[in-house]
Protein chains: 2
Amino acid sequence: MEVSTTTVKLTLPDGCNGILVKNLCDPYMRIRMERIEGPNLFSSFTPASPLTGYAVAKVLDSGHPDFKAGDLVWGPSGWEEYSLITATESLHKIQHTDVPLSYYTGLLGMPGMTAYAGFYEVCSPKKGEYVFISAASGAVGQLVGQFAKMLGCYVVGSAGSKEKVDLLTNKFGFDNAFNYKEEHDLDAALKRYFPEGIDIYFENVGGKTLDAVLLNMRVHGRIAVCGMISQYNLDPPEGVKNLMCLIYNRIHMKGFTVRDYVHLHPKFLDTVLPYIKEGKIVYVEDIAEGLESAPAALVGLFSGRNVGKQVVLVARK
Amino acid sequence: MEVSTTTVKLTLPDGCNGILVKNLCDPYMRIRMERIEGPNLFSSFTPASPLTGYAVAKVLDSGHPDFKAGDLVWGPSGWEEYSLITATESLHKIQHTDVPLSYYTGLLGMPGMTAYAGFYEVCSPKKGEYVFISAASGAVGQLVGQFAKMLGCYVVGSAGSKEKVDLLTNKFGFDNAFNYKEEHDLDAALKRYFPEGIDIYFENVGGKTLDAVLLNMRVHGRIAVCGMISQYNLDPPEGVKNLMCLIYNRIHMKGFTVRDYVHLHPKFLDTVLPYIKEGKIVYVEDIAEGLESAPAALVGLFSGRNVGKQVVLVARK
């Protein structure tokens, strides 16, 4: 992975109905670095081409009637300073600029929608239920926990450092949190925090954590499978052994991505923007400055170096 | 496991509001031979006590107003010739005796209800969908396949012998079937039978089969987790490695047992009894004669010795 420099002309090619944008900040993707075969949600990256991911960008030139120079957008773009985007149907125009623009890569963008749809639509949560979230201080987890607390759930999160654990209880209002690296027996840790068992598990890590959670799920529990970050760099992945618990306790386990919930975006903004303005929802970002910091920021995600949503700031405006 | 002989008095103890029954035929359970801790669907068997399981029985004496001597019932009873049942609320009275009584341990009993609820309620099937069933000639699988064919699905089953595979296609009307023991690459076998992928997997075996199926599920596919018989005698069980596919294809995986669907029993009988009488549904049983054959019949299930639903015939009337 390297940062390469080329010269680009900052106007659209003649007859192009795409838009030319300047990228402001940029998140990550890992799954697409695998060779992906068959019909799939994700397509592989092309080696020697810029990665793509969700970004906030400013339109510099437009051949499309819905966009004009100066518009702010978020959606799939390139890990580069300037991008020519022809798949404009995937872009969202940014209407509310009285929040940090970087929020549209996180709290108000794809991760935020993921937390919102995953919690409210996939988990079918009820007041008073017991909720466990792994990778709980990350881009998605921190929001899921705050949604769950607002609904009146008991919420515990796991993370990989004291700093992150402190964030969970002190900043995000989790009832409890623990550092999974300090628990040699995850099953015992979960039994300590959930003596009555877990109703909802918001799954971000997979592997051993999922195996321990399966032993602690309550009857009719729900597992929303959002990610399995502990497994992405393992080949083969760890095997999950306790799936029989799905039967014992009639557990509903559902993989999901935000793609199936795009229609909820207006409702999501109407719900979350007031919460932000009233201070009922907070969001922590870990901002790396400059496109040249992007490779290290991406790699750092897999050792948990980031605290909160990792963002790469490419340009301020 | 041994067959023991004792003398019993065939009348109820004074003041008992249970019923005394003579057991006619008797299925199996395996899971309860483990030490089971915590609140759970299943309780462990007590060593040196008779196993319990679902049986058909004739009431000999009754202290309960809903039952009288001569009534036929099915439900939880003991692996013994005579049982005193106090938990009468779990019993179903048999109203229709123009079918083999043994069917109430299978097609019309708990396995039949499991197939019915599992397919129609858990799988949310639609006409034309691609359905895969493992352990497909067993007590539950053979019925799921016939329900799926009646709905207009494409149905493939796996089983462990040529005789069973022939049953699937020749007797139960599956579109295709294969012997998993002859496929060294289950993923390749599934790709051959499902070039378009699998919409519905009715899971009875777990382990390697589940891992191969996960690689072949279609977007928004459903996995009804009914059993994992390949894993019950393994400690630890095989790990399942391909759970990330749940996310890629937004798959819904749900463990279930018949316990949550008992209210559907009348509707189930109204649906299935006519099918039996019209010959639209057939059922294959493997009957072991005599209670003394029960231990071997139970053990045989785990090497696949039985063909069709294993029943132990304790007495004819």
# chains A, B, ... in the order shown; residues from 1 in each chain; ligands from 1
>>> residues_around(residues="B:Lys191", least_positions_apart="5", cutoff="8 Å", atoms="only C-alpha atoms", output="list in words")
Glu196, Gly197 and Asn216 of chain B
>>> interface_residues(of="chain B", to="chain A", cutoff="6 Å", atoms="only C-alpha atoms", output="JSON, numbers by chain")
{"B": [41, 237, 239, 240, 241, 246, 247, 248, 250, 251, 252, 253, 254, 255, 256]}
>>> write_last_selection(atoms="N, CA, C and O atoms", output="PDB file, in the first residue's frame")
ATOM      1  N   LEU B  41     -33.829 -25.209  27.860  1.00  0.00           N
ATOM      2  CA  LEU B  41     -34.968 -25.914  27.302  1.00  0.00           C
ATOM      3  C   LEU B  41     -35.013 -27.356  27.776  1.00  0.00           C
ATOM      4  O   LEU B  41     -36.071 -27.926  28.003  1.00  0.00           O
ATOM      5  N   PRO B 237     -17.107 -29.674  19.873  1.00  0.00           N
ATOM      6  CA  PRO B 237     -17.667 -29.785  18.522  1.00  0.00           C
ATOM      7  C   PRO B 237     -16.715 -29.183  17.486  1.00  0.00           C
ATOM      8  O   PRO B 237     -15.802 -28.440  17.846  1.00  0.00           O
ATOM      9  N   GLY B 239     -15.522 -26.565  14.849  1.00  0.00           N
ATOM     10  CA  GLY B 239     -15.792 -25.137  14.730  1.00  0.00           C
ATOM     11  C   GLY B 239     -16.349 -24.813  13.352  1.00  0.00           C
ATOM     12  O   GLY B 239     -15.938 -25.413  12.362  1.00  0.00           O
ATOM     13  N   VAL B 240     -17.275 -23.874  13.311  1.00  0.00           N
ATOM     14  CA  VAL B 240     -17.848 -23.423  12.039  1.00  0.00           C
ATOM     15  C   VAL B 240     -17.150 -22.126  11.655  1.00  0.00           C
ATOM     16  O   VAL B 240     -17.141 -21.161  12.422  1.00  0.00           O
ATOM     17  N   LYS B 241     -16.529 -22.132  10.472  1.00  0.00           N
ATOM     18  CA  LYS B 241     -15.592 -21.059  10.116  1.00  0.00           C
ATOM     19  C   LYS B 241     -16.181 -19.983   9.210  1.00  0.00           C
ATOM     20  O   LYS B 241     -15.632 -18.898   9.108  1.00  0.00           O
ATOM     21  N   LEU B 246     -22.807 -14.863   6.783  1.00  0.00           N
ATOM     22  CA  LEU B 246     -24.072 -14.325   7.282  1.00  0.00           C
ATOM     23  C   LEU B 246     -24.190 -12.845   6.942  1.00  0.00           C
ATOM     24  O   LEU B 246     -25.281 -12.342   6.660  1.00  0.00           O
ATOM     25  N   ILE B 247     -23.050 -12.149   7.004  1.00  0.00           N
ATOM     26  CA  ILE B 247     -23.070 -10.705   6.709  1.00  0.00           C
ATOM     27  C   ILE B 247     -23.101 -10.458   5.203  1.00  0.00           C
ATOM     28  O   ILE B 247     -23.948  -9.719   4.707  1.00  0.00           O
ATOM     29  N   TYR B 248     -22.179 -11.112   4.482  1.00  0.00           N
ATOM     30  CA  TYR B 248     -22.094 -10.857   3.036  1.00  0.00           C
ATOM     31  C   TYR B 248     -23.476 -10.973   2.383  1.00  0.00           C
ATOM     32  O   TYR B 248     -23.839 -10.188   1.530  1.00  0.00           O
ATOM     33  N   ARG B 250     -26.486 -11.302   4.059  1.00  0.00           N
ATOM     34  CA  ARG B 250     -27.597 -10.922   4.962  1.00  0.00           C
ATOM     35  C   ARG B 250     -28.498 -12.130   5.230  1.00  0.00           C
ATOM     36  O   ARG B 250     -29.674 -12.153   4.845  1.00  0.00           O
ATOM     37  N   ILE B 251     -27.906 -13.113   5.885  1.00  0.00           N
ATOM     38  CA  ILE B 251     -28.610 -14.372   6.125  1.00  0.00           C
ATOM     39  C   ILE B 251     -29.187 -14.393   7.529  1.00  0.00           C
ATOM     40  O   ILE B 251     -28.578 -13.916   8.482  1.00  0.00           O
ATOM     41  N   HIS B 252     -30.322 -15.006   7.617  1.00  0.00           N
ATOM     42  CA  HIS B 252     -31.112 -15.098   8.828  1.00  0.00           C
ATOM     43  C   HIS B 252     -30.998 -16.553   9.288  1.00  0.00           C
ATOM     44  O   HIS B 252     -31.369 -17.460   8.559  1.00  0.00           O
ATOM     45  N   MET B 253     -30.420 -16.751  10.481  1.00  0.00           N
ATOM     46  CA  MET B 253     -30.195 -18.107  10.987  1.00  0.00           C
ATOM     47  C   MET B 253     -30.936 -18.208  12.310  1.00  0.00           C
ATOM     48  O   MET B 253     -30.698 -17.419  13.216  1.00  0.00           O
ATOM     49  N   LYS B 254     -31.820 -19.175  12.420  1.00  0.00           N
ATOM     50  CA  LYS B 254     -32.687 -19.179  13.606  1.00  0.00           C
ATOM     51  C   LYS B 254     -32.778 -20.580  14.178  1.00  0.00           C
ATOM     52  O   LYS B 254     -33.179 -21.518  13.502  1.00  0.00           O
ATOM     53  N   GLY B 255     -32.359 -20.697  15.436  1.00  0.00           N
ATOM     54  CA  GLY B 255     -32.571 -21.948  16.147  1.00  0.00           C
ATOM     55  C   GLY B 255     -34.014 -22.009  16.621  1.00  0.00           C
ATOM     56  O   GLY B 255     -34.589 -20.990  16.985  1.00  0.00           O
ATOM     57  N   PHE B 256     -34.574 -23.190  16.589  1.00  0.00           N
ATOM     58  CA  PHE B 256     -35.976 -23.283  17.030  1.00  0.00           C
ATOM     59  C   PHE B 256     -36.221 -24.670  17.595  1.00  0.00           C
ATOM     60  O   PHE B 256     -35.476 -25.619  17.319  1.00  0.00           O
TER      61      PHE B 256
END
>>> residues_around(residues="stretch 142-159 of chain A", least_positions_apart="6", cutoff="10 Å", atoms="only C-alpha atoms", output="PyMOL selection string")
chain A and resi 106-107+111-120+125-136+165-169+171-181+190+193-194+198-202+209+272+280-284+304+307-309
>>> select_by_dssp(residues="stretch 59-273 of chain B", states="strand (DSSP E or B)", output="VMD selection string")
chain B and resid 59 to 62 72 to 78 82 to 85 92 to 93 130 to 133 154 to 159 176 to 179 198 to 203 217 to 225 240 252 to 255
>>> atom_distance(atom1="atom CA of B:Gly141", atom2="atom CA of B:Asn204")
7.8 Å
>>> residues_around(residues="A:Tyr104", least_positions_apart="5", cutoff="8 Å", atoms="only C-alpha atoms", output="PDB file with N, CA and C atoms, in the first residue's frame")
ATOM      1  N   ALA A  55     -16.776   8.448   1.979  1.00  0.00           N
ATOM      2  CA  ALA A  55     -16.081   9.709   2.192  1.00  0.00           C
ATOM      3  C   ALA A  55     -17.067  10.871   2.212  1.00  0.00           C
ATOM      4  N   VAL A  56     -16.588  11.989   2.766  1.00  0.00           N
ATOM      5  CA  VAL A  56     -17.276  13.265   2.589  1.00  0.00           C
ATOM      6  C   VAL A  56     -16.500  14.020   1.517  1.00  0.00           C
ATOM      7  N   TRP A  74     -21.835  12.863   0.763  1.00  0.00           N
ATOM      8  CA  TRP A  74     -21.125  11.717   1.355  1.00  0.00           C
ATOM      9  C   TRP A  74     -21.565  10.452   0.637  1.00  0.00           C
ATOM     10  N   GLY A 109     -23.355   8.969   8.918  1.00  0.00           N
ATOM     11  CA  GLY A 109     -23.132   8.293   7.638  1.00  0.00           C
ATOM     12  C   GLY A 109     -23.406   6.805   7.729  1.00  0.00           C
ATOM     13  N   MET A 110     -22.603   6.040   7.015  1.00  0.00           N
ATOM     14  CA  MET A 110     -22.830   4.603   6.918  1.00  0.00           C
ATOM     15  C   MET A 110     -22.755   3.893   8.271  1.00  0.00           C
TER      16      MET A 110
END
>>> residues_around(residues="B:Gly290", least_positions_apart="6", cutoff="8 Å", atoms="only C-alpha atoms", output="PDB file with C-alpha atoms, in the first residue's frame")
ATOM      1  CA  VAL B 312     -39.113 -48.512  19.206  1.00  0.00           C
ATOM      2  CA  LEU B 313     -42.234 -50.622  19.421  1.00  0.00           C
ATOM      3  CA  VAL B 314     -42.792 -51.430  23.089  1.00  0.00           C
ATOM      4  CA  ALA B 315     -46.249 -53.009  22.763  1.00  0.00           C
TER       5      ALA B 315
END
>>> atom_distance(atom1="atom CA of B:Asp71", atom2="atom CA of B:Ser43")
28.1 Å
>>> atom_distance(atom1="atom CA of B:Gly138", atom2="atom CA of B:Tyr82")
27.4 Å
>>> select_by_dssp(residues="stretch 160-290 of chain B", states="alpha helix (DSSP H)", output="VMD selection string")
chain B and resid 162 to 166 186 to 193 207 to 214 245 to 248 265 to 277
